[in-house]
Structures are given as structure tokens and as C-alpha cells.
$ cat coords_31.pdb   # PDB, C-alpha atoms
ATOM      1  CA  MET A 232     -18.548  -9.044   7.584
ATOM      2  CA  THR A 233     -18.256  -8.850   3.824
ATOM      3  CA  PRO A 234     -20.125  -6.190   1.851
ATOM      4  CA  ASN A 235     -22.461  -8.878   0.457
ATOM      5  CA  GLU A 236     -23.195 -10.221   3.954
ATOM      6  CA  MET A 237     -23.915  -6.701   5.204
ATOM      7  CA  LYS A 238     -26.157  -6.041   2.208
ATOM      8  CA  ALA A 239     -28.121  -9.236   2.892
ATOM      9  CA  LYS A 240     -28.491  -8.342   6.558
ATOM     10  CA  LEU A 241     -29.654  -4.791   5.782
ATOM     11  CA  LEU A 242     -32.103  -6.016   3.159
ATOM     12  CA  ALA A 243     -33.546  -8.451   5.709
ATOM     13  CA  GLU A 244     -33.924  -5.592   8.226
ATOM     14  CA  ALA A 245     -35.639  -3.418   5.609
ATOM     15  CA  GLU A 246     -37.959  -6.286   4.695
ATOM     16  CA  ALA A 247     -38.832  -6.776   8.382
ATOM     17  CA  ALA A 248     -39.641  -3.055   8.679
ATOM     18  CA  ILE A 249     -41.871  -3.259   5.614
ATOM     19  CA  ASP A 250     -43.648  -6.359   6.942
ATOM     20  CA  LYS A 251     -44.261  -4.582  10.255
ATOM     21  CA  LEU A 252     -45.590  -1.519   8.421
ATOM     22  CA  LEU A 253     -47.975  -3.597   6.311
ATOM     23  CA  ALA A 254     -49.250  -5.500   9.346
ATOM     24  CA  LYS A 255     -49.964  -2.280  11.277
ATOM     25  CA  ARG A 256     -51.585  -0.162   8.588
ATOM     26  CA  SER A 257     -55.300   0.396   8.326
ATOM     27  CA  PRO A 258     -57.223  -0.690   5.227
ATOM     28  CA  ALA A 259     -56.604   1.567   2.215
ATOM     29  CA  ASN A 260     -60.063   3.125   2.373
ATOM     30  CA  GLN A 261     -59.643   4.036   6.078
ATOM     31  CA  ILE A 262     -56.019   5.125   6.411
ATOM     32  CA  THR A 263     -55.330   8.760   7.248
ATOM     33  CA  MET A 264     -52.401  10.918   6.157
ATOM     34  CA  ARG A 265     -51.334  11.116   9.797
ATOM     35  CA  GLU A 266     -51.132   7.292   9.980
ATOM     36  CA  ILE A 267     -49.299   7.098   6.650
ATOM     37  CA  SER A 268     -46.775   9.651   7.879
ATOM     38  CA  GLN A 269     -46.285   7.901  11.222
ATOM     39  CA  LEU A 270     -45.793   4.484   9.582
ATOM     40  CA  ALA A 271     -43.233   5.963   7.184
ATOM     41  CA  ILE A 272     -41.324   7.589  10.036
ATOM     42  CA  GLU A 273     -41.331   4.418  12.176
ATOM     43  CA  SER A 274     -40.193   2.251   9.263
ATOM     44  CA  GLY A 275     -37.439   4.690   8.362
ATOM     45  CA  GLN A 276     -36.217   4.780  11.954
ATOM     46  CA  GLN A 277     -36.116   0.986  12.114
ATOM     47  CA  VAL A 278     -34.033   0.781   8.926
ATOM     48  CA  GLN A 279     -31.832   3.677  10.056
ATOM     49  CA  ALA A 280     -31.093   1.929  13.376
ATOM     50  CA  ALA A 281     -30.206  -1.291  11.526
ATOM     51  CA  VAL A 282     -27.788   0.563   9.223
ATOM     52  CA  LEU A 283     -26.191   2.338  12.195
ATOM     53  CA  HIS A 284     -25.737  -0.930  14.077
ATOM     54  CA  SER A 285     -24.368  -2.842  11.063
ATOM     55  CA  LEU A 286     -21.858  -0.165  10.079
ATOM     56  CA  THR A 287     -20.743   0.259  13.695
ATOM     57  CA  GLN A 288     -20.188  -3.461  14.112
ATOM     58  CA  ALA A 289     -18.299  -3.664  10.808
ATOM     59  CA  SER A 290     -15.982  -0.838  11.897
ATOM     60  CA  GLN A 291     -14.886  -2.797  14.957
ATOM     61  CA  ARG A 292     -12.091  -4.754  13.323
ATOM     62  CA  ALA A 293     -10.393  -7.593  15.148
ATOM     63  CA  GLU A 294      -6.955  -6.010  14.837
ATOM     64  CA  PRO A 295      -4.593  -6.146  17.792
ATOM     65  CA  ALA A 296      -4.460  -3.044  19.941
ATOM     66  CA  PRO A 297      -1.514  -0.679  19.421
ATOM     67  CA  ALA A 298       1.296  -1.654  21.770
ATOM     68  CA  GLN A 299       1.625   1.825  23.270
ATOM     69  CA  LEU A 300      -0.176   5.114  23.216
ATOM     70  CA  GLU A 301       1.081   8.349  24.694
ATOM     71  CA  CYS A 302      -1.104  10.556  26.838
ATOM     72  CA  GLN A 303      -2.076  13.720  24.955
ATOM     73  CA  GLN A 304      -1.724  15.768  28.158
ATOM     74  CA  CYS A 305       1.548  14.598  29.744
ATOM     75  CA  GLY A 306       3.248  12.470  27.076
ATOM     76  CA  ARG A 307       3.583   9.394  29.325
ATOM     77  CA  LYS A 308       2.778   5.921  28.069
ATOM     78  CA  MET A 309      -0.828   4.959  28.702
ATOM     79  CA  SER A 310      -1.841   1.580  30.084
ATOM     80  CA  TYR A 311      -3.882  -0.708  27.868
ATOM     81  CA  LYS A 312      -6.971  -1.791  29.802
ATOM     82  CA  GLY A 313      -8.521  -4.135  27.237
ATOM     83  CA  LYS A 314     -11.694  -3.703  25.272
ATOM     84  CA  ARG A 315     -14.620  -1.770  26.751
ATOM     85  CA  LYS A 316     -18.175  -1.396  25.580
ATOM     86  CA  ARG A 317     -19.940   1.927  25.334
ATOM     87  CA  GLN A 318     -23.468   2.880  24.407
ATOM     88  CA  VAL A 319     -23.201   5.587  21.771
ATOM     89  CA  VAL A 320     -26.033   7.906  20.839
ATOM     90  CA  ALA A 321     -25.811   9.087  17.236
ATOM     91  CA  ASP A 322     -28.168  10.908  14.908
ATOM     92  CA  GLY A 323     -29.428   7.530  13.669
ATOM     93  CA  GLY A 324     -30.106   6.078  17.103
ATOM     94  CA  GLU A 325     -28.239   4.298  19.866
ATOM     95  CA  THR A 326     -25.826   1.393  19.469
ATOM     96  CA  ALA A 327     -23.102  -0.437  21.376
ATOM     97  CA  VAL A 328     -19.467   0.101  20.406
ATOM     98  CA  GLU A 329     -16.598  -2.031  21.656
ATOM     99  CA  ARG A 330     -13.139  -0.476  21.413
ATOM    100  CA  ASP A 331      -9.710  -0.635  22.966
ATOM    101  CA  TYR A 332      -9.399   1.455  26.132
ATOM    102  CA  TYR A 333      -6.255   3.170  27.442
ATOM    103  CA  TYR A 334      -5.723   4.958  30.738
ATOM    104  CA  CYS A 335      -3.157   7.471  32.014
ATOM    105  CA  SER A 336      -2.647   6.988  35.756
ATOM    106  CA  LYS A 337      -0.955  10.371  36.136
ATOM    107  CA  CYS A 338      -3.617  12.483  34.424
ATOM    108  CA  LYS A 339      -6.495  10.173  35.382
ATOM    109  CA  VAL A 340      -7.874  10.178  31.843
ATOM    110  CA  GLY A 341      -8.949   7.350  29.607
ATOM    111  CA  ILE A 342      -9.437   7.237  25.855
ATOM    112  CA  PHE A 343     -11.037   5.072  23.222
ATOM    113  CA  PRO A 344      -8.810   5.815  20.228
ATOM    114  CA  PRO A 345     -10.465   5.745  16.808
ATOM    115  CA  ARG A 346      -9.405   3.003  14.440
TER
END
$ encode --input "coords_31.pdb" --output "C-alpha cells"
Amino acid sequence: MTPNEMKAKLLAEAEAAIDKLLAKRSPANQITMREISQLAIESGQQVQAAVLHSLTQASQRAEPAPAQLECQQCGRKMSYKGKRKRQVVADGGETAVERDYYYCSKCKVGIFPPR
């Protein structure tokens, strides 16, 4: 995804959050500070989750996996097991990450190396 495509997608997500906020809010002469605060928090969380998801997806390049990785514990070559998906919980929310997965049959450990 190009920077301009990501920008357009994030702007659309922010606009959707704003539309949702405006649809939910009480009339101006009836809205409370508590409601204003809650709407701001909800809208911010929606935009934050969209940014987290977009940046995570953009970081998952379609590069080929490294041919070999060595186990950090025993030094043997690890087996490439293909791509695996993981749900990741971050400060900004939860998102799915798909990365290459390697496994050491001797140490019984697997890793998702960073890119």
C-alpha cells in the first residue's frame, strides 16, 4: 500500500468515526460533559484501531522468507513452516499479524522473526 493509499484509507476511517460520533450525540442543549468525553474516547479508539491495523498490514511485506534461520538456543537450522497468523494485542488495540514461522525440532521452539 502506498503512503497516499494509506492516507486515504485512514482519512476514510476517521470520517466514519466522526459520522458515528455525530449520529450518536445528543442535541447541543442536552449533551453532558460525560457524554462529550465518552464520545471523544470512543472516536479516538476507533481511529487508533484503524491506524494500528493499517500500519500492521503495511509492515507485512510480500518478500520471500529467509532461506535459513539458526536456532538461538542450539544453533541448528530451523525449519520454515510457512506463514502463520497471530492475534496481537498492542496499546492501540488488537489486530491480526501474518508472518513467517520457523521451528526448531530439537529445542521445540518456534519463532516469528521480525522483518
$ resolve_selection --input "coords_31.pdb" --expression "the PyMOL selection byres ((chain A and resi 232-240) around 9)" --output "VMD selection string"
chain A and resid 241 to 245 281 285 to 286 288 to 289
$ resolve_selection --input "coords_31.pdb" --expression "the PyMOL selection byres ((chain A and resi 342-344) around 9)" --output "JSON, numbers by chain"
{"A": [315, 330, 331, 332, 333, 334, 335, 340, 341, 345, 346]}
$ closest_residue --input "coords_31.pdb" --among "A:Ala321, A:Met264, A:Leu300, A:Leu252" --to "Val282 in chain A" --atoms "only C-alpha atoms"
A:Ala321
$ atom_distance --input "coords_31.pdb" --atom1 "CA of Gln277 in chain A" --atom2 "CA of Asn260 in chain A"
25.9 Å
$ closest_residue --input "coords_31.pdb" --among "A:Cys338, A:Leu270, A:Asp322, A:Ala298" --to "Leu283 in chain A" --atoms "all atoms listed in the file"
A:Asp322
$ decode --input "coords_31.pdb" --residues "range 259-321 of chain A" --atoms "C-alpha atoms" --output "PDB file, in the first residue's frame"
ATOM      1  CA  ALA A 259     -26.275  20.573  21.818  1.00  0.00           C
ATOM      2  CA  ASN A 260     -28.587  21.929  24.508  1.00  0.00           C
ATOM      3  CA  GLN A 261     -28.881  18.493  26.193  1.00  0.00           C
ATOM      4  CA  ILE A 262     -25.408  16.976  25.932  1.00  0.00           C
ATOM      5  CA  THR A 263     -23.464  16.435  29.144  1.00  0.00           C
ATOM      6  CA  MET A 264     -19.711  16.627  29.692  1.00  0.00           C
ATOM      7  CA  ARG A 265     -19.747  12.914  30.488  1.00  0.00           C
ATOM      8  CA  GLU A 266     -21.303  12.161  27.066  1.00  0.00           C
ATOM      9  CA  ILE A 267     -18.880  14.506  25.301  1.00  0.00           C
ATOM     10  CA  SER A 268     -15.958  12.774  26.991  1.00  0.00           C
ATOM     11  CA  GLN A 269     -17.256   9.290  26.184  1.00  0.00           C
ATOM     12  CA  LEU A 270     -17.868  10.156  22.513  1.00  0.00           C
ATOM     13  CA  ALA A 271     -14.356  11.596  22.229  1.00  0.00           C
ATOM     14  CA  ILE A 272     -12.826   8.481  23.769  1.00  0.00           C
ATOM     15  CA  GLU A 273     -14.829   6.097  21.547  1.00  0.00           C
ATOM     16  CA  SER A 274     -13.982   8.057  18.398  1.00  0.00           C
ATOM     17  CA  GLY A 275     -10.309   8.179  19.311  1.00  0.00           C
ATOM     18  CA  GLN A 276     -10.247   4.437  19.942  1.00  0.00           C
ATOM     19  CA  GLN A 277     -11.870   3.747  16.577  1.00  0.00           C
ATOM     20  CA  VAL A 278      -9.278   5.868  14.752  1.00  0.00           C
ATOM     21  CA  GLN A 279      -6.453   4.393  16.836  1.00  0.00           C
ATOM     22  CA  ALA A 280      -7.531   0.836  15.934  1.00  0.00           C
ATOM     23  CA  ALA A 281      -7.661   1.774  12.236  1.00  0.00           C
ATOM     24  CA  VAL A 282      -4.133   3.230  12.363  1.00  0.00           C
ATOM     25  CA  LEU A 283      -2.836   0.141  14.183  1.00  0.00           C
ATOM     26  CA  HIS A 284      -4.416  -2.191  11.635  1.00  0.00           C
ATOM     27  CA  SER A 285      -3.232  -0.191   8.599  1.00  0.00           C
ATOM     28  CA  LEU A 286       0.362   0.129   9.791  1.00  0.00           C
ATOM     29  CA  THR A 287       0.472  -3.550  10.765  1.00  0.00           C
ATOM     30  CA  GLN A 288      -0.804  -4.635   7.371  1.00  0.00           C
ATOM     31  CA  ALA A 289       1.655  -2.336   5.586  1.00  0.00           C
ATOM     32  CA  SER A 290       4.562  -3.826   7.554  1.00  0.00           C
ATOM     33  CA  GLN A 291       3.768  -7.305   6.263  1.00  0.00           C
ATOM     34  CA  ARG A 292       5.758  -7.112   3.051  1.00  0.00           C
ATOM     35  CA  ALA A 293       5.442  -9.799   0.414  1.00  0.00           C
ATOM     36  CA  GLU A 294       9.156 -10.589   0.482  1.00  0.00           C
ATOM     37  CA  PRO A 295      10.272 -14.203   0.319  1.00  0.00           C
ATOM     38  CA  ALA A 296      11.136 -15.812   3.624  1.00  0.00           C
ATOM     39  CA  PRO A 297      14.832 -16.122   4.507  1.00  0.00           C
ATOM     40  CA  ALA A 298      16.134 -19.458   3.268  1.00  0.00           C
ATOM     41  CA  GLN A 299      17.514 -20.496   6.657  1.00  0.00           C
ATOM     42  CA  LEU A 300      17.435 -19.335  10.222  1.00  0.00           C
ATOM     43  CA  GLU A 301      19.506 -20.731  13.049  1.00  0.00           C
ATOM     44  CA  CYS A 302      18.002 -21.588  16.402  1.00  0.00           C
ATOM     45  CA  GLN A 303      19.095 -19.075  19.046  1.00  0.00           C
ATOM     46  CA  GLN A 304      19.384 -21.874  21.627  1.00  0.00           C
ATOM     47  CA  CYS A 305      21.211 -24.709  19.834  1.00  0.00           C
ATOM     48  CA  GLY A 306      22.485 -23.179  16.583  1.00  0.00           C
ATOM     49  CA  ARG A 307      20.783 -25.778  14.350  1.00  0.00           C
ATOM     50  CA  LYS A 308      18.931 -24.786  11.208  1.00  0.00           C
ATOM     51  CA  MET A 309      15.255 -24.146  11.844  1.00  0.00           C
ATOM     52  CA  SER A 310      12.516 -25.486   9.593  1.00  0.00           C
ATOM     53  CA  TYR A 311      10.402 -22.993   7.689  1.00  0.00           C
ATOM     54  CA  LYS A 312       6.744 -23.757   8.390  1.00  0.00           C
ATOM     55  CA  GLY A 313       5.123 -21.135   6.159  1.00  0.00           C
ATOM     56  CA  LYS A 314       3.164 -18.087   7.155  1.00  0.00           C
ATOM     57  CA  ARG A 315       1.097 -18.093  10.350  1.00  0.00           C
ATOM     58  CA  LYS A 316      -1.438 -15.639  11.654  1.00  0.00           C
ATOM     59  CA  ARG A 317      -1.416 -14.311  15.184  1.00  0.00           C
ATOM     60  CA  GLN A 318      -3.744 -12.014  17.060  1.00  0.00           C
ATOM     61  CA  VAL A 319      -1.581  -9.334  18.637  1.00  0.00           C
ATOM     62  CA  VAL A 320      -2.715  -7.111  21.473  1.00  0.00           C
ATOM     63  CA  ALA A 321      -0.984  -3.730  21.442  1.00  0.00           C
TER      64      ALA A 321
END
